[in-house]
Each structure stands twice: as structure tokens, then as C-alpha cells.
Amino acid sequence: MHREEVTGVVLAGGRGSRMGGVDKGLQNFNGVPLALHTLLRLQVQVGEAMVNANRNLAAYESFGVPVWPDALPDFAGPLAGFLAGLEQSQTEWVVTVPCDTPMFPADLVERLGEAAEREDAEIAMASAKEADGQLRTQPVFCLLRRDLLESLVQFTHGGGRKIDAWTAQHRTVVVPFDRPGDDPQAFFNANTLAELRQLERR
Ligand SMILES: Nc1nc2c(ncn2[C@@H]2O[C@H](COP(=O)(O)OP(=O)(O)OP(=O)(O)O)[C@@H](O)[C@H]2O)c(=O)[nH]1
Ligand SMILES: [Mg+2]
């Protein structure tokens with residue numbers, strides 16, 4: 001898969017409740033807004049990029065890529081960001097990355113894309129070992145065919161909110177990021193300010 005066929009979506013539309021309700025993507029990470037750090041890491045892996053955010057849109061617009069809020073009301077969760085990405089992208093594929101996981105793999109899109117093509121899948125989702133050593137899916141790191149838009153519209157308008165419940169309806173390949181040489185902490189995410197400070201020190 002060529003990177004030009006993929007639009008990257010930085011998911012920054014959450015409530016940030018565990019951070020005290022702040023706009024997580026605008027919190028500083030080594031002096032750079034967290035969502036900008038994420039965007040820069042993603043942009044080199046994709047052809048186009050956008051940010052999905054629901055607050056402080058002008059601040060996100062200063063990053064220089066299109067910014068799209070959720071079309072669904074009331075912070076419906078990450079699937080609302082998937083939906084915004086599928087609606088606004090023009091490429092055959094869309095990849096989502098949350099704004100709060102700054103060390104995500106530099107070869108994320110390449111490996112998701114390679115697996116999707118090899119398995120003729122409609123969705124490729126990352127999995128990685130968590131702190132307890134167990135391999136778990138990382139559902140917000142998801143490569144999606146754009147023609148899944150209609151399916152996701154139906155699912156979300158029917159009240160569906162769980163990523164796994166939706167992806168289970170489609171040919172999905174899970175891609176483990178636990179090869180030798182992979183950073184075992186690549187998928188650590190900052191849900192609190194303390195976790196963000198810990199990630200900065202790495
Ligand atoms: N578009 C959109 N994205 C969301 C929404 N809720 C969560 N996300 C995104 O999904 C990803 C994972 O969410 P969480 O880690 O739970 O982040 P959060 O909701 O901002 O934080 P908490 O309120 O503490 O759970 C982050 O990238 C969020 O920005 C939402 O309602 N809309
Ligand atoms: Mg949340």
C-alpha cells in the first residue's frame with residue numbers, strides 16, 4: 001500500500017476527563033502540543049492528514065491541516081472520530097491514531113497496510129502487549145477502507161459505540177506490534193497529567 005492512498009486522522013475529540021476535563025491534544029509534550037507531536041509522527045506515514053477535535057478548533061487549525069469536529073453529538077466516543085475521518089477523506093484508506101500515545105510506532109501504517117493487503121481485509125487493527133504482558137488489541141489504531149463509511153453510519157446511528165462491536169462485522173486483521181526491536185512501550189497512552197509527564201521523561 002502506498003502512503004498516498006492513506007489519510008491519517010489524529011483523534012483529539014475526547015473529553016479528557018481523567019486529565020481534569022482539559023483539551024488533551026493541546027497539553028504540552030516536551031514543549032509541543034500533544035496532538036501536534038502526534039500529527040508530525042503520522043504525517044510522514046500517510047499522504048493526507050487531518051485532526052478530529054471538538055473544542056478549541058482554531059488552535060488545532062494552526063497545525064496546518066483540516067480540522068473536523070464530530071458530526072455525532074455529545075462526545076459519542078472514538079467511533080465518532082472514525083466517522084468524521086471516513087466522511088472527510090478522499091483516499092481509499094483511512095488510519096486513526098489517538099492524540100495521547102506519542103511514542104506510537106513509526107512503521108504503524110506500513111505494517112497495518114501490509115497486513116490488510118496480504119489478508120484482503122477491510123480493517124487492520126494494531127495489538128500490543130500491555131503493562132501486564134498480555135497482547136491486547138489497540139482499537140483506536142485502526143486502518144479502515146473508506147467504503148466502510150455507510151456501515152459505520154448505520155452502526156453509530158443505531159446507537160453503536162463500541163469499536164470492537166463494529167469491526168467484528170467486517171473482515172479485520174489484527175497486527176501484533178511485539179516483534180524483537182519493537183518498543184514495548186510504544187502504545188503507552190497518557191490519560192492523566194502524571195502519565196504525560198512520565199512519557200516525557202522517557
Ligand atoms: N471524536 C471523538 N474522539 C473521542 C471521543 N472520546 C474519546 N475520543 C478519542 O479516543 C481516544 C481514546 O480516548 P480516551 O483515552 O478515553 O481519551 P478521552 O476521552 O479524551 O479521555 P477520558 O475522558 O479521560 O477517557 C482519544 O484519542 C480521544 O481523543 C469522542 O467523543 N469523540
Ligand atoms: Mg474516554
# chains A, B, ... in the order shown; residues from 1 in each chain; ligands from 1
>>> closest_atom_pairs(of="chain A", to="ligand 2", cutoff="10 Å", atoms="only C-alpha atoms and all ligand atoms", output="JSON lines")
{"residue": "A:Gly13", "atom": "CA", "partner": "ligand 2", "partner_atom_place_in_ligand_line": "1 (Mg)", "distance": 9.4}
{"residue": "A:Gly14", "atom": "CA", "partner": "ligand 2", "partner_atom_place_in_ligand_line": "1 (Mg)", "distance": 6.0}
{"residue": "A:Arg15", "atom": "CA", "partner": "ligand 2", "partner_atom_place_in_ligand_line": "1 (Mg)", "distance": 6.6}
{"residue": "A:Gly16", "atom": "CA", "partner": "ligand 2", "partner_atom_place_in_ligand_line": "1 (Mg)", "distance": 6.7}
{"residue": "A:Ser17", "atom": "CA", "partner": "ligand 2", "partner_atom_place_in_ligand_line": "1 (Mg)", "distance": 7.3}
{"residue": "A:Arg18", "atom": "CA", "partner": "ligand 2", "partner_atom_place_in_ligand_line": "1 (Mg)", "distance": 8.2}
{"residue": "A:Phe75", "atom": "CA", "partner": "ligand 2", "partner_atom_place_in_ligand_line": "1 (Mg)", "distance": 9.0}
{"residue": "A:Ala76", "atom": "CA", "partner": "ligand 2", "partner_atom_place_in_ligand_line": "1 (Mg)", "distance": 9.5}
{"residue": "A:Gly77", "atom": "CA", "partner": "ligand 2", "partner_atom_place_in_ligand_line": "1 (Mg)", "distance": 6.7}
{"residue": "A:Pro78", "atom": "CA", "partner": "ligand 2", "partner_atom_place_in_ligand_line": "1 (Mg)", "distance": 7.9}
{"residue": "A:Asn191", "atom": "CA", "partner": "ligand 2", "partner_atom_place_in_ligand_line": "1 (Mg)", "distance": 8.6}
>>> write_last_selection(atoms="N, CA and C atoms", output="PDB file, in the first residue's frame")
ATOM      1  N   GLY A  13     -10.710  14.287  19.950  1.00  0.00           N
ATOM      2  CA  GLY A  13     -12.059  14.781  20.233  1.00  0.00           C
ATOM      3  C   GLY A  13     -12.639  14.375  21.567  1.00  0.00           C
ATOM      4  N   GLY A  14     -11.816  13.804  22.439  1.00  0.00           N
ATOM      5  CA  GLY A  14     -12.360  13.274  23.697  1.00  0.00           C
ATOM      6  C   GLY A  14     -12.579  14.329  24.758  1.00  0.00           C
ATOM      7  N   ARG A  15     -13.157  13.869  25.848  1.00  0.00           N
ATOM      8  CA  ARG A  15     -13.465  14.769  26.968  1.00  0.00           C
ATOM      9  C   ARG A  15     -12.247  15.062  27.824  1.00  0.00           C
ATOM     10  N   GLY A  16     -11.289  14.138  27.830  1.00  0.00           N
ATOM     11  CA  GLY A  16     -10.124  14.310  28.699  1.00  0.00           C
ATOM     12  C   GLY A  16     -10.501  14.326  30.165  1.00  0.00           C
ATOM     13  N   SER A  17     -11.488  13.533  30.534  1.00  0.00           N
ATOM     14  CA  SER A  17     -11.981  13.633  31.924  1.00  0.00           C
ATOM     15  C   SER A  17     -10.918  13.216  32.938  1.00  0.00           C
ATOM     16  N   ARG A  18     -10.102  12.223  32.588  1.00  0.00           N
ATOM     17  CA  ARG A  18      -9.061  11.804  33.546  1.00  0.00           C
ATOM     18  C   ARG A  18      -7.922  12.813  33.634  1.00  0.00           C
ATOM     19  N   PHE A  75     -20.067  13.879  22.591  1.00  0.00           N
ATOM     20  CA  PHE A  75     -18.871  13.063  22.818  1.00  0.00           C
ATOM     21  C   PHE A  75     -19.213  11.570  22.747  1.00  0.00           C
ATOM     22  N   ALA A  76     -19.543  11.144  21.553  1.00  0.00           N
ATOM     23  CA  ALA A  76     -20.006   9.762  21.364  1.00  0.00           C
ATOM     24  C   ALA A  76     -18.873   8.738  21.391  1.00  0.00           C
ATOM     25  N   GLY A  77     -17.640   9.206  21.581  1.00  0.00           N
ATOM     26  CA  GLY A  77     -16.521   8.270  21.672  1.00  0.00           C
ATOM     27  C   GLY A  77     -15.720   8.210  20.382  1.00  0.00           C
ATOM     28  N   PRO A  78     -14.654   7.400  20.398  1.00  0.00           N
ATOM     29  CA  PRO A  78     -13.739   7.381  19.256  1.00  0.00           C
ATOM     30  C   PRO A  78     -14.389   7.020  17.920  1.00  0.00           C
ATOM     31  N   ASN A 191      -3.357   9.163  30.000  1.00  0.00           N
ATOM     32  CA  ASN A 191      -4.728   9.518  30.345  1.00  0.00           C
ATOM     33  C   ASN A 191      -4.777  10.565  31.447  1.00  0.00           C
TER      34      ASN A 191
END
>>> residues_near_ligand(ligand="ligand 1", cutoff="8 Å", atoms="only C-alpha atoms and all ligand atoms", output="JSON, numbers by chain")
{"A": [10, 11, 12, 13, 14, 15, 16, 17, 18, 19, 20, 21, 23, 24, 25, 52, 53, 54, 69, 70, 74, 75, 76, 77, 78, 79, 80, 81, 82, 84, 97, 98, 99, 100, 140, 189, 190, 191, 192]}
>>> closest_residue(among="A:Val46, A:Val51, A:Val174, A:Val9", to="Leu135 (chain A)", atoms="only C-alpha atoms")
A:Val174
>>> closest_residue(among="A:Arg136, A:Arg197, A:Arg145, A:Arg179", to="Ala124 (chain A)", atoms="only C-alpha atoms")
A:Arg145
>>> closest_residue(among="A:Arg55, A:Lys129, A:Arg3, A:Arg111", to="Cys142 (chain A)", atoms="only C-alpha atoms")
A:Arg111
>>> select_by_dssp(residues="region 6-151 of chain A", states="alpha helix (DSSP H)", output="NGL selection string")
:A and (34-43 or 57-61 or 78-88 or 108-119 or 149-151)
>>> residues_around(residues="Gly64 (chain A)", least_positions_apart="4", cutoff="12 Å", atoms="only C-alpha atoms", output="ChimeraX atom specification")
/A:36,39-40,43,48-51,57-60
>>> write_last_selection(atoms="N, CA and C atoms", output="PDB file, in the first residue's frame")
ATOM      1  N   LEU A  36      -0.093  17.862  18.070  1.00  0.00           N
ATOM      2  CA  LEU A  36       0.830  18.262  17.000  1.00  0.00           C
ATOM      3  C   LEU A  36       1.982  17.269  16.910  1.00  0.00           C
ATOM      4  N   LEU A  39       0.552  14.391  15.150  1.00  0.00           N
ATOM      5  CA  LEU A  39       0.367  14.687  13.728  1.00  0.00           C
ATOM      6  C   LEU A  39       1.695  14.582  12.967  1.00  0.00           C
ATOM      7  N   LEU A  40       2.765  15.132  13.551  1.00  0.00           N
ATOM      8  CA  LEU A  40       4.068  15.109  12.859  1.00  0.00           C
ATOM      9  C   LEU A  40       4.581  13.681  12.691  1.00  0.00           C
ATOM     10  N   GLN A  43       2.193  12.206   9.910  1.00  0.00           N
ATOM     11  CA  GLN A  43       2.209  12.804   8.557  1.00  0.00           C
ATOM     12  C   GLN A  43       3.215  12.143   7.633  1.00  0.00           C
ATOM     13  N   GLU A  48      -2.272  12.202   3.181  1.00  0.00           N
ATOM     14  CA  GLU A  48      -3.015  13.364   3.688  1.00  0.00           C
ATOM     15  C   GLU A  48      -3.201  13.172   5.181  1.00  0.00           C
ATOM     16  N   ALA A  49      -3.504  14.293   5.872  1.00  0.00           N
ATOM     17  CA  ALA A  49      -3.768  14.158   7.304  1.00  0.00           C
ATOM     18  C   ALA A  49      -4.820  15.167   7.725  1.00  0.00           C
ATOM     19  N   MET A  50      -5.503  14.844   8.797  1.00  0.00           N
ATOM     20  CA  MET A  50      -6.476  15.770   9.390  1.00  0.00           C
ATOM     21  C   MET A  50      -6.519  15.540  10.894  1.00  0.00           C
ATOM     22  N   VAL A  51      -7.142  16.489  11.567  1.00  0.00           N
ATOM     23  CA  VAL A  51      -7.341  16.365  13.015  1.00  0.00           C
ATOM     24  C   VAL A  51      -8.837  16.318  13.277  1.00  0.00           C
ATOM     25  N   LEU A  57     -11.106  24.696  18.200  1.00  0.00           N
ATOM     26  CA  LEU A  57     -10.804  24.315  16.812  1.00  0.00           C
ATOM     27  C   LEU A  57      -9.757  25.221  16.188  1.00  0.00           C
ATOM     28  N   ALA A  58      -9.750  26.520  16.564  1.00  0.00           N
ATOM     29  CA  ALA A  58      -8.777  27.443  15.968  1.00  0.00           C
ATOM     30  C   ALA A  58      -7.352  27.040  16.343  1.00  0.00           C
ATOM     31  N   ALA A  59      -7.166  26.576  17.557  1.00  0.00           N
ATOM     32  CA  ALA A  59      -5.823  26.144  17.976  1.00  0.00           C
ATOM     33  C   ALA A  59      -5.379  24.953  17.130  1.00  0.00           C
ATOM     34  N   TYR A  60      -6.273  24.021  16.901  1.00  0.00           N
ATOM     35  CA  TYR A  60      -5.917  22.860  16.071  1.00  0.00           C
ATOM     36  C   TYR A  60      -5.687  23.275  14.618  1.00  0.00           C
TER      37      TYR A  60
END
>>> closest_residue(among="A:Pro176, A:Pro139, A:Gly47, A:Gly159", to="His2 (chain A)", atoms="only C-alpha atoms")
A:Gly47
>>> select_by_dssp(residues="region 1-189 of chain A", states="strand (DSSP E or B)", output="JSON, numbers by chain")
{"A": [6, 7, 8, 9, 10, 11, 12, 28, 29, 32, 33, 48, 49, 50, 51, 52, 53, 67, 68, 93, 94, 95, 96, 97, 98, 123, 124, 125, 126, 127, 128, 129, 135, 136, 137, 138, 139, 140, 141, 142, 143, 144, 145, 172, 173, 174, 175, 176]}
>>> write_last_selection(atoms="N, CA and C atoms", output="short mmCIF file (atom, residue, chain, number, x, y, z; two decimals), in the first residue's frame")
data_model
loop_
_atom_site.label_atom_id
_atom_site.label_comp_id
_atom_site.auth_asym_id
_atom_site.auth_seq_id
_atom_site.Cartn_x
_atom_site.Cartn_y
_atom_site.Cartn_z
N VAL A 6 -3.51 6.70 1.77
CA VAL A 6 -3.99 6.69 3.16
C VAL A 6 -4.10 8.11 3.69
N THR A 7 -5.25 8.40 4.33
CA THR A 7 -5.42 9.64 5.08
C THR A 7 -5.30 9.33 6.57
N GLY A 8 -4.46 10.08 7.26
CA GLY A 8 -4.28 9.89 8.69
C GLY A 8 -5.17 10.83 9.48
N VAL A 9 -5.83 10.29 10.49
CA VAL A 9 -6.72 11.09 11.34
C VAL A 9 -6.21 11.05 12.77
N VAL A 10 -5.85 12.22 13.31
CA VAL A 10 -5.47 12.32 14.72
C VAL A 10 -6.74 12.51 15.53
N LEU A 11 -7.02 11.57 16.40
CA LEU A 11 -8.23 11.63 17.23
C LEU A 11 -7.95 12.47 18.47
N ALA A 12 -8.54 13.65 18.50
CA ALA A 12 -8.33 14.55 19.65
C ALA A 12 -9.68 15.08 20.14
N ASN A 28 0.98 20.29 26.64
CA ASN A 28 2.36 20.24 26.17
C ASN A 28 2.99 18.88 26.40
N PHE A 29 3.69 18.43 25.38
CA PHE A 29 4.52 17.23 25.48
C PHE A 29 5.90 17.62 24.97
N VAL A 32 5.67 20.76 22.93
CA VAL A 32 4.85 20.78 21.71
C VAL A 32 3.45 20.27 22.07
N PRO A 33 2.39 20.87 21.54
CA PRO A 33 1.07 20.30 21.83
C PRO A 33 1.02 18.81 21.45
N GLU A 48 -2.27 12.20 3.18
CA GLU A 48 -3.02 13.36 3.69
C GLU A 48 -3.20 13.17 5.18
N ALA A 49 -3.50 14.29 5.87
CA ALA A 49 -3.77 14.16 7.30
C ALA A 49 -4.82 15.17 7.72
N MET A 50 -5.50 14.84 8.80
CA MET A 50 -6.48 15.77 9.39
C MET A 50 -6.52 15.54 10.89
N VAL A 51 -7.14 16.49 11.57
CA VAL A 51 -7.34 16.37 13.02
C VAL A 51 -8.84 16.32 13.28
N ASN A 52 -9.23 15.42 14.14
CA ASN A 52 -10.62 15.37 14.62
C ASN A 52 -10.62 15.90 16.05
N ALA A 53 -11.29 17.06 16.23
CA ALA A 53 -11.33 17.69 17.55
C ALA A 53 -12.70 18.30 17.75
N VAL A 67 -9.34 20.45 10.08
CA VAL A 67 -9.84 20.04 11.39
C VAL A 67 -11.33 19.77 11.27
N TRP A 68 -11.76 18.61 11.74
CA TRP A 68 -13.18 18.25 11.65
C TRP A 68 -13.70 17.83 13.00
N TRP A 93 -8.04 4.55 1.82
CA TRP A 93 -7.85 4.08 3.19
C TRP A 93 -7.75 5.27 4.16
N VAL A 94 -8.16 5.00 5.40
CA VAL A 94 -8.05 5.99 6.49
C VAL A 94 -7.40 5.28 7.67
N VAL A 95 -6.46 5.95 8.33
CA VAL A 95 -5.88 5.37 9.54
C VAL A 95 -6.11 6.33 10.70
N THR A 96 -6.51 5.78 11.84
CA THR A 96 -6.76 6.61 13.02
C THR A 96 -5.65 6.39 14.05
N VAL A 97 -5.29 7.47 14.71
CA VAL A 97 -4.29 7.43 15.79
C VAL A 97 -4.77 8.38 16.88
N PRO A 98 -4.81 7.93 18.14
CA PRO A 98 -5.23 8.83 19.21
C PRO A 98 -4.14 9.85 19.52
N ILE A 123 -10.29 -3.98 7.40
CA ILE A 123 -9.81 -3.26 8.58
C ILE A 123 -8.54 -3.95 9.09
N ALA A 124 -7.55 -3.16 9.45
CA ALA A 124 -6.37 -3.70 10.14
C ALA A 124 -6.22 -2.94 11.45
N MET A 125 -6.13 -3.70 12.55
CA MET A 125 -6.09 -3.10 13.89
C MET A 125 -4.81 -3.55 14.59
N ALA A 126 -4.16 -2.63 15.28
CA ALA A 126 -2.94 -2.98 15.99
C ALA A 126 -3.26 -3.76 17.26
N SER A 127 -2.29 -4.59 17.69
CA SER A 127 -2.34 -5.13 19.04
C SER A 127 -0.94 -5.03 19.62
N ALA A 128 -0.87 -4.95 20.93
CA ALA A 128 0.43 -4.80 21.59
C ALA A 128 0.31 -5.30 23.02
N LYS A 129 1.47 -5.64 23.59
CA LYS A 129 1.50 -6.08 24.99
C LYS A 129 1.25 -4.89 25.90
N LEU A 135 -1.02 -9.54 25.29
CA LEU A 135 -1.26 -8.91 24.00
C LEU A 135 -2.74 -8.51 23.91
N ARG A 136 -3.00 -7.21 23.67
CA ARG A 136 -4.40 -6.76 23.56
C ARG A 136 -4.54 -5.88 22.34
N THR A 137 -5.73 -5.92 21.75
CA THR A 137 -5.96 -5.03 20.61
C THR A 137 -5.92 -3.59 21.07
N GLN A 138 -5.48 -2.73 20.17
CA GLN A 138 -5.39 -1.29 20.42
C GLN A 138 -6.35 -0.65 19.41
N PRO A 139 -7.65 -0.71 19.71
CA PRO A 139 -8.66 -0.46 18.67
C PRO A 139 -8.67 0.95 18.09
N VAL A 140 -8.09 1.93 18.80
CA VAL A 140 -8.05 3.27 18.20
C VAL A 140 -6.94 3.42 17.16
N PHE A 141 -6.06 2.39 17.05
CA PHE A 141 -5.05 2.37 15.98
C PHE A 141 -5.57 1.47 14.88
N CYS A 142 -6.26 2.06 13.93
CA CYS A 142 -7.07 1.27 13.03
C CYS A 142 -6.95 1.80 11.60
N LEU A 143 -6.67 0.91 10.68
CA LEU A 143 -6.65 1.24 9.26
C LEU A 143 -7.95 0.74 8.65
N LEU A 144 -8.67 1.61 7.97
CA LEU A 144 -10.04 1.31 7.52
C LEU A 144 -10.19 1.62 6.05
N ARG A 145 -10.89 0.76 5.33
CA ARG A 145 -11.25 1.13 3.96
C ARG A 145 -12.31 2.23 4.01
N THR A 172 -11.48 -8.26 9.43
CA THR A 172 -10.50 -7.50 10.21
C THR A 172 -9.26 -8.35 10.47
N VAL A 173 -8.10 -7.77 10.25
CA VAL A 173 -6.85 -8.45 10.60
C VAL A 173 -6.24 -7.69 11.78
N VAL A 174 -5.80 -8.45 12.79
CA VAL A 174 -5.13 -7.86 13.95
C VAL A 174 -3.62 -7.99 13.74
N VAL A 175 -2.92 -6.89 13.92
CA VAL A 175 -1.49 -6.85 13.60
C VAL A 175 -0.69 -6.64 14.88
N PRO A 176 0.02 -7.67 15.35
CA PRO A 176 0.78 -7.52 16.60
C PRO A 176 2.05 -6.70 16.41
#
